[in-house]
Amino acid sequence: MNIGNVEDMLALDIRALRRLGVIQPGECIIDTLHWSIGGLSASSVRLRVDLSNIERGGTMTVSGNMPDGTISQNIAIDRVPSSLGGWRYYFLCPVTGRRCEVLYYTGGRFASRDAQRLSYAVQNMTDLSRARRKVAKLRRRLQGSGNIARPRGANRIDIVQRLRDAEFEAKTLYLDRLRNLAERSGSRRMPSERR
């Protein structure tokens with residue numbers, strides 16, 4: 001049984017931390033991480049990432065105030081050789097011990113999606129909800145937002161065509177659902193009303 005969606009949880013993504021320069025081989029880095037929801041500050045924590053001796057294993061300590069209280073948690077970091085050279089870094093889930101790239105906060109701790117019993121929002125959607133979500137996502141891409149520019153040229157033409165197809169699919173699903181509801185309500189009439 002799932003207890004929530006990953007989209008609604010605070011997350012630690014090791015790929016994003018690496019892009020921000022917090023994951024540096026051979027170094028011990030202390031930084032602050034802030035989460036915001038709808039532009040409002042949701043929470044912030046101090047991260048201490050120690051990869052000074054990765055051969056023994058790296059660690060990350062998360063401490064600070066979370067929405068449901070304070071946290072002080074140690075998380076192990078593992079590395080594996082990349083096929084193109086270099087290394088890939090993973091968190092070791094504190095509950096399952098498996099490698100993962102994202103840890104989610106719920107129940108007072110960070111752990112993997114499986115350990116926290118989280119699902120993705122689309123797993124609980126109907127076909128019509130998925131189609132409407134796809135339409136909204138394509139419309140947002142066409143409009144651009146923040147630091148993401150509106151697509152130009154062939155990319156824009158491709159997205160416009162995909163939007164038209166998605167709108168047609170959503171409309172078809174909606175009309176099918178209406179027909180099914182009308183048929184069901186028509187079959188529920190009393191026998192004397194069917195003449």
# chains A, B, ... in the order shown; residues from 1 in each chain; ligands from 1
call {"tool": "residues_around", "arguments": {"residues": "region 98-113 of chain A", "least_positions_apart": "5", "cutoff": "6 Å", "atoms": "only C-alpha atoms", "output": "VMD selection string"}}
result
chain A and resid 10 to 14 90 to 93 118
call {"tool": "write_last_selection", "arguments": {"atoms": "N, CA, C and O atoms", "output": "PDB file, in the first residue's frame"}}
result
ATOM      1  N   LEU A  10       9.617  16.193  -0.004  1.00  0.00           N
ATOM      2  CA  LEU A  10      10.924  16.827  -0.114  1.00  0.00           C
ATOM      3  C   LEU A  10      11.923  15.745  -0.496  1.00  0.00           C
ATOM      4  O   LEU A  10      11.860  14.622   0.010  1.00  0.00           O
ATOM      5  N   ALA A  11      12.846  16.080  -1.401  1.00  0.00           N
ATOM      6  CA  ALA A  11      13.752  15.056  -1.919  1.00  0.00           C
ATOM      7  C   ALA A  11      15.197  15.528  -1.919  1.00  0.00           C
ATOM      8  O   ALA A  11      15.483  16.717  -2.049  1.00  0.00           O
ATOM      9  N   LEU A  12      16.103  14.569  -1.773  1.00  0.00           N
ATOM     10  CA  LEU A  12      17.540  14.771  -1.959  1.00  0.00           C
ATOM     11  C   LEU A  12      17.933  13.999  -3.209  1.00  0.00           C
ATOM     12  O   LEU A  12      17.788  12.767  -3.245  1.00  0.00           O
ATOM     13  N   ASP A  13      18.413  14.688  -4.226  1.00  0.00           N
ATOM     14  CA  ASP A  13      18.806  14.056  -5.486  1.00  0.00           C
ATOM     15  C   ASP A  13      20.322  14.172  -5.610  1.00  0.00           C
ATOM     16  O   ASP A  13      20.856  15.278  -5.697  1.00  0.00           O
ATOM     17  N   ILE A  14      21.013  13.042  -5.624  1.00  0.00           N
ATOM     18  CA  ILE A  14      22.477  13.076  -5.656  1.00  0.00           C
ATOM     19  C   ILE A  14      22.993  13.653  -6.966  1.00  0.00           C
ATOM     20  O   ILE A  14      24.049  14.276  -7.005  1.00  0.00           O
ATOM     21  N   TYR A  90      26.022   7.182  -5.602  1.00  0.00           N
ATOM     22  CA  TYR A  90      24.680   6.773  -5.187  1.00  0.00           C
ATOM     23  C   TYR A  90      24.561   6.906  -3.672  1.00  0.00           C
ATOM     24  O   TYR A  90      25.527   6.707  -2.941  1.00  0.00           O
ATOM     25  N   PHE A  91      23.341   7.203  -3.221  1.00  0.00           N
ATOM     26  CA  PHE A  91      23.037   7.074  -1.806  1.00  0.00           C
ATOM     27  C   PHE A  91      22.801   5.600  -1.531  1.00  0.00           C
ATOM     28  O   PHE A  91      22.318   4.873  -2.394  1.00  0.00           O
ATOM     29  N   LEU A  92      23.119   5.160  -0.325  1.00  0.00           N
ATOM     30  CA  LEU A  92      22.690   3.832   0.122  1.00  0.00           C
ATOM     31  C   LEU A  92      21.489   4.070   1.029  1.00  0.00           C
ATOM     32  O   LEU A  92      21.599   4.755   2.052  1.00  0.00           O
ATOM     33  N   CYS A  93      20.347   3.543   0.636  1.00  0.00           N
ATOM     34  CA  CYS A  93      19.120   3.771   1.403  1.00  0.00           C
ATOM     35  C   CYS A  93      19.334   3.321   2.846  1.00  0.00           C
ATOM     36  O   CYS A  93      19.762   2.188   3.087  1.00  0.00           O
ATOM     37  N   LEU A 118       6.224   5.030  -1.537  1.00  0.00           N
ATOM     38  CA  LEU A 118       5.695   6.145  -2.309  1.00  0.00           C
ATOM     39  C   LEU A 118       5.445   5.705  -3.745  1.00  0.00           C
ATOM     40  O   LEU A 118       6.120   4.827  -4.263  1.00  0.00           O
TER      41      LEU A 118
END
call {"tool": "select_by_dssp", "arguments": {"residues": "region 110-194 of chain A", "states": "alpha helix (DSSP H)", "output": "PyMOL selection string"}}
result
chain A and resi 113-116+127-143+153-187
call {"tool": "select_by_dssp", "arguments": {"residues": "region 40-174 of chain A", "states": "strand (DSSP E)", "output": "ChimeraX atom specification"}}
result
/A:40-50,58-66,69-81,87-92,99-100,102-106,109-111,118-119
call {"tool": "write_last_selection", "arguments": {"atoms": "N, CA and C atoms", "output": "short mmCIF file (atom, residue, chain, number, x, y, z; two decimals), in the first residue's frame"}}
result
data_model
loop_
_atom_site.label_atom_id
_atom_site.label_comp_id
_atom_site.auth_asym_id
_atom_site.auth_seq_id
_atom_site.Cartn_x
_atom_site.Cartn_y
_atom_site.Cartn_z
N LEU A 40 7.31 29.71 -1.56
CA LEU A 40 7.45 29.92 -0.12
C LEU A 40 8.44 28.92 0.45
N SER A 41 9.27 29.37 1.37
CA SER A 41 10.26 28.50 1.97
C SER A 41 9.58 27.39 2.77
N ALA A 42 9.91 26.14 2.44
CA ALA A 42 9.30 25.00 3.12
C ALA A 42 10.21 24.48 4.23
N SER A 43 11.51 24.42 3.94
CA SER A 43 12.44 23.86 4.92
C SER A 43 13.87 24.10 4.45
N SER A 44 14.81 23.99 5.39
CA SER A 44 16.22 24.06 5.03
C SER A 44 17.02 23.19 5.99
N VAL A 45 18.09 22.59 5.46
CA VAL A 45 18.94 21.72 6.25
C VAL A 45 20.40 22.00 5.93
N ARG A 46 21.27 21.61 6.84
CA ARG A 46 22.71 21.67 6.61
C ARG A 46 23.17 20.30 6.14
N LEU A 47 23.96 20.29 5.09
CA LEU A 47 24.53 19.05 4.57
C LEU A 47 26.02 19.05 4.83
N ARG A 48 26.51 17.94 5.33
CA ARG A 48 27.95 17.74 5.47
C ARG A 48 28.28 16.49 4.68
N VAL A 49 28.91 16.68 3.53
CA VAL A 49 29.24 15.57 2.64
C VAL A 49 30.73 15.31 2.74
N ASP A 50 31.09 14.14 3.26
CA ASP A 50 32.49 13.78 3.46
C ASP A 50 32.88 12.67 2.48
N GLY A 58 31.85 7.04 1.60
CA GLY A 58 31.49 8.42 1.85
C GLY A 58 30.25 8.50 2.72
N THR A 59 30.08 9.64 3.37
CA THR A 59 28.88 9.85 4.20
C THR A 59 28.34 11.25 3.98
N MET A 60 27.06 11.38 4.21
CA MET A 60 26.41 12.68 4.19
C MET A 60 25.59 12.78 5.46
N THR A 61 25.75 13.87 6.19
CA THR A 61 24.97 14.12 7.38
C THR A 61 23.98 15.24 7.07
N VAL A 62 22.71 14.98 7.35
CA VAL A 62 21.64 15.94 7.13
C VAL A 62 21.14 16.37 8.50
N SER A 63 21.17 17.68 8.76
CA SER A 63 20.67 18.16 10.05
C SER A 63 19.98 19.50 9.85
N GLY A 64 18.89 19.68 10.58
CA GLY A 64 18.16 20.94 10.48
C GLY A 64 16.70 20.77 10.85
N ASN A 65 15.93 21.79 10.53
CA ASN A 65 14.50 21.79 10.83
C ASN A 65 13.70 21.37 9.61
N MET A 66 12.87 20.37 9.81
CA MET A 66 11.99 19.88 8.76
C MET A 66 10.56 20.24 9.16
N GLY A 69 9.57 18.59 12.51
CA GLY A 69 10.53 18.57 13.61
C GLY A 69 11.96 18.63 13.10
N THR A 70 12.88 18.40 14.01
CA THR A 70 14.29 18.45 13.62
C THR A 70 14.76 17.08 13.12
N ILE A 71 15.83 17.12 12.33
CA ILE A 71 16.39 15.89 11.79
C ILE A 71 17.90 15.91 11.96
N SER A 72 18.45 14.75 12.24
CA SER A 72 19.89 14.54 12.23
C SER A 72 20.09 13.11 11.76
N GLN A 73 20.46 12.96 10.50
CA GLN A 73 20.52 11.63 9.90
C GLN A 73 21.81 11.47 9.11
N ASN A 74 22.45 10.32 9.23
CA ASN A 74 23.63 9.98 8.44
C ASN A 74 23.21 9.07 7.29
N ILE A 75 23.74 9.37 6.11
CA ILE A 75 23.41 8.60 4.91
C ILE A 75 24.73 8.22 4.25
N ALA A 76 24.88 6.94 3.94
CA ALA A 76 26.10 6.45 3.28
C ALA A 76 26.05 6.76 1.79
N ILE A 77 27.23 7.03 1.22
CA ILE A 77 27.36 7.29 -0.21
C ILE A 77 28.30 6.25 -0.79
N ASP A 78 27.89 5.66 -1.91
CA ASP A 78 28.68 4.64 -2.59
C ASP A 78 29.05 5.17 -3.96
N ARG A 79 30.12 4.64 -4.54
CA ARG A 79 30.48 5.03 -5.90
C ARG A 79 30.78 3.77 -6.69
N VAL A 80 30.47 3.82 -7.98
CA VAL A 80 30.75 2.71 -8.90
C VAL A 80 31.40 3.30 -10.15
N PRO A 81 32.29 2.55 -10.78
CA PRO A 81 32.93 3.07 -11.99
C PRO A 81 31.92 3.24 -13.11
N TRP A 87 33.36 8.21 -12.16
CA TRP A 87 32.58 7.50 -11.16
C TRP A 87 31.15 8.00 -11.14
N ARG A 88 30.23 7.12 -10.75
CA ARG A 88 28.84 7.50 -10.47
C ARG A 88 28.63 7.33 -8.99
N TYR A 89 27.93 8.30 -8.39
CA TYR A 89 27.69 8.27 -6.96
C TYR A 89 26.23 7.95 -6.67
N TYR A 90 26.02 7.18 -5.60
CA TYR A 90 24.68 6.77 -5.19
C TYR A 90 24.56 6.91 -3.67
N PHE A 91 23.34 7.20 -3.22
CA PHE A 91 23.04 7.07 -1.81
C PHE A 91 22.80 5.60 -1.53
N LEU A 92 23.12 5.16 -0.32
CA LEU A 92 22.69 3.83 0.12
C LEU A 92 21.49 4.07 1.03
N ARG A 99 21.27 0.83 -3.49
CA ARG A 99 21.68 2.09 -4.12
C ARG A 99 20.49 2.81 -4.70
N CYS A 100 20.49 4.13 -4.56
CA CYS A 100 19.43 4.95 -5.17
C CYS A 100 19.98 6.35 -5.38
N VAL A 102 17.83 9.12 -5.50
CA VAL A 102 16.94 10.09 -4.85
C VAL A 102 16.43 9.51 -3.54
N LEU A 103 16.47 10.32 -2.49
CA LEU A 103 15.89 9.95 -1.20
C LEU A 103 14.77 10.93 -0.89
N TYR A 104 13.67 10.41 -0.36
CA TYR A 104 12.49 11.23 -0.06
C TYR A 104 12.28 11.32 1.44
N TYR A 105 11.81 12.49 1.88
CA TYR A 105 11.59 12.71 3.31
C TYR A 105 10.13 12.48 3.67
N THR A 106 9.91 11.55 4.54
CA THR A 106 8.60 11.34 5.14
C THR A 106 8.80 10.48 6.39
N ARG A 109 12.41 10.87 8.33
CA ARG A 109 13.69 10.41 7.81
C ARG A 109 13.70 10.45 6.29
N PHE A 110 14.90 10.43 5.73
CA PHE A 110 15.09 10.29 4.29
C PHE A 110 15.32 8.82 3.99
N ALA A 111 14.66 8.32 2.96
CA ALA A 111 14.85 6.95 2.51
C ALA A 111 14.39 6.85 1.05
N LEU A 118 6.22 5.03 -1.54
CA LEU A 118 5.69 6.14 -2.31
C LEU A 118 5.45 5.70 -3.74
N SER A 119 4.49 6.35 -4.38
CA SER A 119 4.21 6.07 -5.79
C SER A 119 4.32 7.37 -6.58
#
call {"tool": "residues_around", "arguments": {"residues": "region 134-140 of chain A", "least_positions_apart": "3", "cutoff": "9 Å", "atoms": "only C-alpha atoms", "output": "ChimeraX atom specification"}}
result
/A:129-131,143-145,159-160,162-164,166-167,170
call {"tool": "atom_distance", "arguments": {"atom1": "CA of Val6 (chain A)", "atom2": "CA of Gln116 (chain A)"}}
result
9.5 Å
call {"tool": "atom_distance", "arguments": {"atom1": "CA of Asp127 (chain A)", "atom2": "CA of Arg150 (chain A)"}}
result
27.9 Å
call {"tool": "atom_distance", "arguments": {"atom1": "CA of Leu17 (chain A)", "atom2": "CA of Ser83 (chain A)"}}
result
21.1 Å
call {"tool": "residues_around", "arguments": {"residues": "Asn53 (chain A)", "least_positions_apart": "6", "cutoff": "9 Å", "atoms": "only C-alpha atoms", "output": "list in words"}}
result
Pro25, Gly26 and Glu27 of chain A
